[in-house]
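For reference, the structure is listed below as structure tokens.
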There are 2 protein chains.
Amino acid sequence: MNDLHIKAIQLKAFRETSCQSCSLRNFCLPVSLDLVEIERFDEIITRSRPIHAGEHLFRQGNTFSSLFAIRSGCIKTYCLSDHGDEQITGFGLPSELIGFSGIDSKIYPVSAVAIKTTSVCEIPYSKFDQLTDQMSSLKKQLIHSLSKEIRNDLRVKLLLGKKNAAERLSDFLLDIAARPKPAGYSCHYIVLPMSRDEIGNYLGLAAETVSRTLSRLQQDGLIKVDGRKIEILGIAALKAISGPCILSGQPYS
Amino acid sequence: MNDLHIKAIQLKAFRETSCQSCSLRNFCLPVSLDLVEIERFDEIITRSRPIHAGEHLFRQGNTFSSLFAIRSGCIKTYCLSDHGDEQITGFGLPSELIGFSGIDSKIYPVSAVAIKTTSVCEIPYSKFDQLTDQMSSLKKQLIHSLSKEIRNDLRVKLLLGKKNAAERLSDFLLDIAARPKPAGYSCHYIVLPMSRDEIGNYLGLAAETVSRTLSRLQQDGLIKVDGRKIEILGIAALKAISGPCILSGQPYS
DNA sequence: CGTATTATTGAATACCATCAACAGACGTGG
DNA sequence: CCACGTCTGTTGATGGTATTCAATAATACG
């Protein structure tokens, strides 16, 4: 094996493990950074082996240390009440960041667990924080990501506070469909990584209600359900049901 | 009137209108800043005359321009769904900041209206953003405030997703009681600035259910209700009902 | 291929929303 | 000062939506 071969292999490895070449680059933090800045950001990132379903990134009560960017798979965040039951507070999908809720309290107030094989980039917060002092655009990115999360929480609060089962499910399906996904996936066809139980928990419904409501939406011809594979047939009707509002969907782009 | 008099008056005015002398100083943003930094922060703040109940700070859809720190009174934030009904998304009380949800989208996704006479400090965001580039501690403050808001949203999502009426009200009362308040006010005695209707809207309940549930809590001897004046008699019992969890109350201080 | 997990559907119940009537507070103006 | 209307809050009766319990079907996994 000559030097050229080695270089080529190194280059390939670099492509797979650097922000610069990451397919999610435009969705994750480094957007709007120049090449030098991306490299500096890249240096603090840890990319570990993929984690399996059931493995935790962190647990409620752990000392806060890092944010995590999700590259593939799905992370669910949840918190346990004293009554013992869990409330799922979100699902992290590729390109998204989790862990924001721990910055202020120094402790993760939620647990994060993979619900399928998942790979993440770990962003140690102390180093990241220092970097934001030197890179104004990175600071902006972080603040905007935090703000976006708050805006999304508004949507969820609206959903939990006012909507009925059909409205919640419609909103949920449209939200999942609108999230960034690997190239080639249509936004009319989604494969849910989570169970009915987990959907219900997240939406404040019983799993049976989720099942029933999906069946109803299928009867009405708005979706086609095949286990966790869901085809969206009537996107306009779903939007009408969920109550299209200023908070839904992606930012005002 | 001589120079000394004028100086004294100016000093008094300064005391009433500078962050340095503000009684909320330790709760609002300028905490952890040194004197010079506070002055620089102070310079970008606008302090307008008090606004009356019903006046808006901003409306859903307005271009985002400022954050607002609440000095006295109460601001409710809400958003209107297409179905026309409103969902109250939060109540801003003295020392708290509102407007975070607009940073990312450049547009306020909610409206903010005073529900009693209220005075606020307006923090123009573009100037503030520049200042955070130069003052690392101010940047940290902002990020922590955003993170805290996200953590609080977790609490509300847990409440709306899993709790029954009594648990919601207990949680709500404890939350209001735990918020920073002017010196002299006991945390066992609260005066609610909002109506039953607004409480219900915020908690995802009907106003009648709020009324009934408060009556029930009073029957059980946990609180004493006199219109909007509420005395907390059994704080431990209320905590037990609301389901004390890692998210409740103030940060882990 | 068998067991465990997940999903669907049915029936009964519980909780809260809705509708409605009434009581009290507040402010206005006669 | 009191009559009046409005707004807010309380309480009762009824009904709807989603939960719970239970049984069955389908899927995943070793």
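FYI, nothing fancy with the structure tokens labels: chains A, B, ... in order, residues from 1 per chain, ligands from 1 as they appear.
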
**Asked** Neighbours of B:Gly61 within 9 Å (only C-alpha atoms (C1' of nucleotides); same-chain residues fewer than 4 positions away dropped), as a list in words?
**Response** Ile246 of chain A; Ile107, Tyr108, Pro109, Val110 and Ser111 of chain B

Can you work out which residues from chain C touch chain A at a cut-off of 8 Å (counting only C-alpha atoms (C1' of nucleotides)) and hand them back as a tab-separated table (two decimals) with N, CA and C atoms (P, O5', C5', C4', C3', O3' and C1' of nucleotides), in the first residue's frame?
chain	number	residue	atom	x	y	z
C	6	DT	P	-42.25	-3.30	23.47
C	6	DT	O5'	-43.33	-3.22	22.32
C	6	DT	C5'	-42.96	-3.52	20.98
C	6	DT	C4'	-44.19	-3.52	20.10
C	6	DT	C3'	-45.09	-2.28	20.24
C	6	DT	O3'	-45.25	-1.71	18.95
C	6	DT	C1'	-46.37	-4.26	20.32
C	7	DA	P	-46.13	-0.41	18.73
C	7	DA	O5'	-47.52	-1.01	18.24
C	7	DA	C5'	-47.56	-1.74	17.02
C	7	DA	C4'	-48.97	-2.21	16.76
C	7	DA	C3'	-50.05	-1.12	16.82
C	7	DA	O3'	-50.76	-1.14	15.58
C	7	DA	C1'	-50.68	-2.99	18.14
C	8	DT	P	-51.86	-0.03	15.27
C	8	DT	O5'	-53.22	-0.80	15.58
C	8	DT	C5'	-53.52	-2.00	14.87
C	8	DT	C4'	-54.72	-2.69	15.48
C	8	DT	C3'	-55.99	-1.83	15.56
C	8	DT	O3'	-56.95	-2.42	14.70
C	8	DT	C1'	-55.63	-3.10	17.56

**Message:** Using only C-alpha atoms (C1' of nucleotides) and a distance of at most 12 Å, pull out the residues of chain D that contact chain A, as a ChimeraX atom specification.
**Reply:** /D:16-21,26-28

Write the residues of the preceding selection, restricted to N, CA and C atoms (P, O5', C5', C4', C3', O3' and C1' of nucleotides), as a PDB file, in the first residue's frame.
ATOM      1  P    DG D  16     -73.284  13.825  24.293  1.00  0.00           P
ATOM      2  O5'  DG D  16     -71.737  14.100  24.066  1.00  0.00           O
ATOM      3  C5'  DG D  16     -71.246  15.431  24.189  1.00  0.00           C
ATOM      4  C4'  DG D  16     -69.739  15.421  24.232  1.00  0.00           C
ATOM      5  C3'  DG D  16     -69.081  14.385  23.330  1.00  0.00           C
ATOM      6  O3'  DG D  16     -67.909  14.967  22.777  1.00  0.00           O
ATOM      7  C1'  DG D  16     -68.530  13.928  25.608  1.00  0.00           C
ATOM      8  P    DT D  17     -67.187  14.210  21.562  1.00  0.00           P
ATOM      9  O5'  DT D  17     -65.708  14.031  22.113  1.00  0.00           O
ATOM     10  C5'  DT D  17     -65.145  15.032  22.942  1.00  0.00           C
ATOM     11  C4'  DT D  17     -64.042  14.432  23.767  1.00  0.00           C
ATOM     12  C3'  DT D  17     -63.188  13.416  23.007  1.00  0.00           C
ATOM     13  O3'  DT D  17     -61.839  13.793  23.136  1.00  0.00           O
ATOM     14  C1'  DT D  17     -63.930  12.508  25.073  1.00  0.00           C
ATOM     15  P    DA D  18     -60.690  13.015  22.347  1.00  0.00           P
ATOM     16  O5'  DA D  18     -59.980  12.199  23.508  1.00  0.00           O
ATOM     17  C5'  DA D  18     -59.535  12.899  24.656  1.00  0.00           C
ATOM     18  C4'  DA D  18     -59.317  11.945  25.799  1.00  0.00           C
ATOM     19  C3'  DA D  18     -58.339  10.806  25.506  1.00  0.00           C
ATOM     20  O3'  DA D  18     -57.411  10.739  26.565  1.00  0.00           O
ATOM     21  C1'  DA D  18     -60.356   9.928  26.361  1.00  0.00           C
ATOM     22  P    DT D  19     -56.351   9.543  26.683  1.00  0.00           P
ATOM     23  O5'  DT D  19     -56.924   8.688  27.892  1.00  0.00           O
ATOM     24  C5'  DT D  19     -57.122   9.355  29.136  1.00  0.00           C
ATOM     25  C4'  DT D  19     -57.531   8.370  30.208  1.00  0.00           C
ATOM     26  C3'  DT D  19     -56.597   7.184  30.386  1.00  0.00           C
ATOM     27  O3'  DT D  19     -56.370   6.977  31.778  1.00  0.00           O
ATOM     28  C1'  DT D  19     -58.796   6.413  29.915  1.00  0.00           C
ATOM     29  P    DT D  20     -55.280   5.961  32.281  1.00  0.00           P
ATOM     30  O5'  DT D  20     -56.111   4.646  32.638  1.00  0.00           O
ATOM     31  C5'  DT D  20     -57.273   4.759  33.452  1.00  0.00           C
ATOM     32  C4'  DT D  20     -58.053   3.458  33.418  1.00  0.00           C
ATOM     33  C3'  DT D  20     -57.188   2.192  33.485  1.00  0.00           C
ATOM     34  O3'  DT D  20     -57.623   1.397  34.580  1.00  0.00           O
ATOM     35  C1'  DT D  20     -58.785   2.040  31.739  1.00  0.00           C
ATOM     36  P    DC D  21     -56.800   0.175  35.131  1.00  0.00           P
ATOM     37  O5'  DC D  21     -57.628  -1.066  34.548  1.00  0.00           O
ATOM     38  C5'  DC D  21     -59.036  -1.142  34.788  1.00  0.00           C
ATOM     39  C4'  DC D  21     -59.648  -2.234  33.928  1.00  0.00           C
ATOM     40  C3'  DC D  21     -58.845  -3.532  33.856  1.00  0.00           C
ATOM     41  O3'  DC D  21     -59.712  -4.629  34.105  1.00  0.00           O
ATOM     42  C1'  DC D  21     -59.398  -2.793  31.682  1.00  0.00           C
ATOM     43  P    DA D  26     -54.296 -10.599  12.461  1.00  0.00           P
ATOM     44  O5'  DA D  26     -52.885  -9.902  12.653  1.00  0.00           O
ATOM     45  C5'  DA D  26     -52.836  -8.477  12.783  1.00  0.00           C
ATOM     46  C4'  DA D  26     -51.441  -8.072  13.191  1.00  0.00           C
ATOM     47  C3'  DA D  26     -50.324  -8.650  12.312  1.00  0.00           C
ATOM     48  O3'  DA D  26     -49.519  -7.567  11.879  1.00  0.00           O
ATOM     49  C1'  DA D  26     -49.845  -8.981  14.604  1.00  0.00           C
ATOM     50  P    DT D  27     -48.489  -7.761  10.680  1.00  0.00           P
ATOM     51  O5'  DT D  27     -47.082  -7.535  11.395  1.00  0.00           O
ATOM     52  C5'  DT D  27     -46.946  -6.443  12.307  1.00  0.00           C
ATOM     53  C4'  DT D  27     -45.851  -6.729  13.304  1.00  0.00           C
ATOM     54  C3'  DT D  27     -44.557  -7.247  12.677  1.00  0.00           C
ATOM     55  O3'  DT D  27     -43.585  -6.203  12.758  1.00  0.00           O
ATOM     56  C1'  DT D  27     -45.101  -8.360  14.712  1.00  0.00           C
ATOM     57  P    DA D  28     -42.161  -6.395  12.142  1.00  0.00           P
ATOM     58  O5'  DA D  28     -41.329  -6.801  13.439  1.00  0.00           O
ATOM     59  C5'  DA D  28     -41.443  -6.005  14.614  1.00  0.00           C
ATOM     60  C4'  DA D  28     -40.609  -6.611  15.725  1.00  0.00           C
ATOM     61  C3'  DA D  28     -39.202  -7.029  15.302  1.00  0.00           C
ATOM     62  O3'  DA D  28     -38.302  -6.603  16.312  1.00  0.00           O
ATOM     63  C1'  DA D  28     -40.343  -8.891  16.237  1.00  0.00           C
TER      64       DA D  28
END

**Request:** Check the DSSP output for the backbone and give back, as a PyMOL selection string, the residues of stretch 43-241 of chain A in strand (DSSP E).
**Result:** chain A and resi 46-47+56-58+66-72+75-80+86-92+97-98+111-114+119-124+189-191+223-226+229-232

Would you write out, as a Markdown table, a table of all residues in chain A that have an atom no more than 9 Å from an atom of chain B, listing for each the closest atom pair and the distance in Å to one decimal, considering only C-alpha atoms and ordering rows by chain and rising residue number?
| residue | atom | partner | partner_atom | distance |
| --- | --- | --- | --- | --- |
| A:Gln60 | CA | B:Ile246 | CA | 8.2 |
| A:Gly61 | CA | B:Ile246 | CA | 7.9 |
| A:Cys79 | CA | B:Leu158 | CA | 8.4 |
| A:Leu80 | CA | B:Cys245 | CA | 7.7 |
| A:Ser81 | CA | B:Cys245 | CA | 5.4 |
| A:Asp82 | CA | B:Cys245 | CA | 5.8 |
| A:His83 | CA | B:Gly243 | CA | 6.6 |
| A:Gln87 | CA | B:Leu158 | CA | 6.2 |
| A:Ile88 | CA | B:Leu158 | CA | 8.3 |
| A:Thr89 | CA | B:Leu154 | CA | 6.8 |
| A:Phe100 | CA | B:Ser147 | CA | 5.9 |
| A:Ser101 | CA | B:Arg151 | CA | 5.0 |
| A:Gly102 | CA | B:Ser147 | CA | 7.0 |
| A:Ile103 | CA | B:Ser147 | CA | 5.8 |
| A:Asp104 | CA | B:His144 | CA | 4.6 |
| A:Ser105 | CA | B:Pro251 | CA | 5.9 |
| A:Lys106 | CA | B:Tyr252 | CA | 8.5 |
| A:Ile107 | CA | B:Tyr252 | CA | 8.4 |
| A:Pro109 | CA | B:Ile246 | CA | 6.4 |
| A:Val110 | CA | B:Ile246 | CA | 8.7 |
| A:Asp129 | CA | B:Lys140 | CA | 8.3 |
| A:Thr132 | CA | B:Asp133 | CA | 8.7 |
| A:Asp133 | CA | B:Ser136 | CA | 6.3 |
| A:Gln134 | CA | B:Asp133 | CA | 8.3 |
| A:Met135 | CA | B:Asp133 | CA | 8.6 |
| A:Ser136 | CA | B:Asp133 | CA | 6.3 |
| A:Lys139 | CA | B:Asp133 | CA | 8.3 |
| A:Lys140 | CA | B:Asp129 | CA | 8.3 |
| A:Leu142 | CA | B:Ile143 | CA | 8.3 |
| A:Ile143 | CA | B:Ile143 | CA | 6.6 |
| A:His144 | CA | B:Asp104 | CA | 4.7 |
| A:Ser145 | CA | B:Asp104 | CA | 7.2 |
| A:Leu146 | CA | B:Leu146 | CA | 6.3 |
| A:Ser147 | CA | B:Ser101 | CA | 5.2 |
| A:Lys148 | CA | B:Asp104 | CA | 5.7 |
| A:Glu149 | CA | B:Ile150 | CA | 7.3 |
| A:Ile150 | CA | B:Ser101 | CA | 5.6 |
| A:Arg151 | CA | B:Ser101 | CA | 5.0 |
| A:Asn152 | CA | B:Ser101 | CA | 8.7 |
| A:Asp153 | CA | B:Asp153 | CA | 6.5 |
| A:Leu154 | CA | B:Thr89 | CA | 6.8 |
| A:Val156 | CA | B:Lys157 | CA | 7.5 |
| A:Lys157 | CA | B:Lys157 | CA | 6.3 |
| A:Leu158 | CA | B:Gln87 | CA | 6.2 |
| A:Leu160 | CA | B:Leu160 | CA | 5.7 |
| A:Gly161 | CA | B:Gly204 | CA | 4.3 |
| A:Lys162 | CA | B:Gly204 | CA | 6.3 |
| A:Asn201 | CA | B:Gly161 | CA | 7.6 |
| A:Tyr202 | CA | B:Gly161 | CA | 7.4 |
| A:Leu203 | CA | B:Gly161 | CA | 6.8 |
| A:Gly204 | CA | B:Gly161 | CA | 4.2 |
| A:Leu205 | CA | B:Gly161 | CA | 7.8 |
| A:Gly243 | CA | B:Asp82 | CA | 6.0 |
| A:Pro244 | CA | B:Asp82 | CA | 6.4 |
| A:Cys245 | CA | B:Ser81 | CA | 5.5 |
| A:Ile246 | CA | B:Pro109 | CA | 6.4 |
| A:Leu247 | CA | B:Pro109 | CA | 6.5 |
| A:Pro251 | CA | B:Ser105 | CA | 6.0 |
| A:Tyr252 | CA | B:Ser105 | CA | 6.4 |
| A:Ser253 | CA | B:Ser105 | CA | 8.6 |

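Note that atom CA of A:Glu167 and atom CA of A:Glu231 are 17.3 Å apart.
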
**Message:** I'd like the contact shell of stretch 27-34 of chain B - 8 Å cut-off, only C-alpha atoms (C1' of nucleotides), skipping same-chain residues fewer than 4 positions apart - returned as a ChimeraX atom specification.
**Reply:** /B:19,38,41,69,95-97,137-138,141-142,180

**Non-local contacts of C:DA21 (12 Å; only C-alpha atoms (C1' of nucleotides); under 4 positions in same chain excluded) as a list in words** = DT10, DT11, DG12 and DA13 of chain D

**Request:** Within 10 Å of C:DA25, counting only C-alpha atoms (C1' of nucleotides), which residues show up once you throw out same-chain ones fewer than 5 positions away? Write them as a PyMOL selection string, please.
**Result:** (chain B and resi 227) or (chain D and resi 7-9)

Would you output that residue set with N, CA and C atoms (P, O5', C5', C4', C3', O3' and C1' of nucleotides), as a PDB file, in the first residue's frame?
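What follows is the written file part-v8.pdb:
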ATOM      1  N   GLY B 227     -61.021  35.217  46.673  1.00  0.00           N
ATOM      2  CA  GLY B 227     -60.878  35.818  45.356  1.00  0.00           C
ATOM      3  C   GLY B 227     -59.511  35.488  44.796  1.00  0.00           C
TER       4      GLY B 227
ATOM      5  P    DC D   7     -68.475  43.311  30.033  1.00  0.00           P
ATOM      6  O5'  DC D   7     -67.469  42.717  31.097  1.00  0.00           O
ATOM      7  C5'  DC D   7     -66.800  43.595  32.005  1.00  0.00           C
ATOM      8  C4'  DC D   7     -66.360  42.808  33.214  1.00  0.00           C
ATOM      9  C3'  DC D   7     -65.802  41.417  32.887  1.00  0.00           C
ATOM     10  O3'  DC D   7     -64.509  41.286  33.470  1.00  0.00           O
ATOM     11  C1'  DC D   7     -67.398  41.303  34.629  1.00  0.00           C
ATOM     12  P    DT D   8     -63.632  39.992  33.247  1.00  0.00           P
ATOM     13  O5'  DT D   8     -63.753  39.238  34.645  1.00  0.00           O
ATOM     14  C5'  DT D   8     -63.568  39.966  35.845  1.00  0.00           C
ATOM     15  C4'  DT D   8     -63.919  39.102  37.031  1.00  0.00           C
ATOM     16  C3'  DT D   8     -63.384  37.672  36.958  1.00  0.00           C
ATOM     17  O3'  DT D   8     -62.633  37.422  38.124  1.00  0.00           O
ATOM     18  C1'  DT D   8     -65.694  37.674  37.503  1.00  0.00           C
ATOM     19  P    DG D   9     -61.894  36.051  38.355  1.00  0.00           P
ATOM     20  O5'  DG D   9     -62.915  35.226  39.247  1.00  0.00           O
ATOM     21  C5'  DG D   9     -63.286  35.733  40.523  1.00  0.00           C
ATOM     22  C4'  DG D   9     -64.397  34.893  41.098  1.00  0.00           C
ATOM     23  C3'  DG D   9     -64.112  33.397  41.171  1.00  0.00           C
ATOM     24  O3'  DG D   9     -64.220  32.981  42.527  1.00  0.00           O
ATOM     25  C1'  DG D   9     -66.254  33.804  40.259  1.00  0.00           C
TER      26       DG D   9
END

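Picture a line from atom CA of A:Met194 to atom CA of A:Ile51; it runs 16.3 Å.
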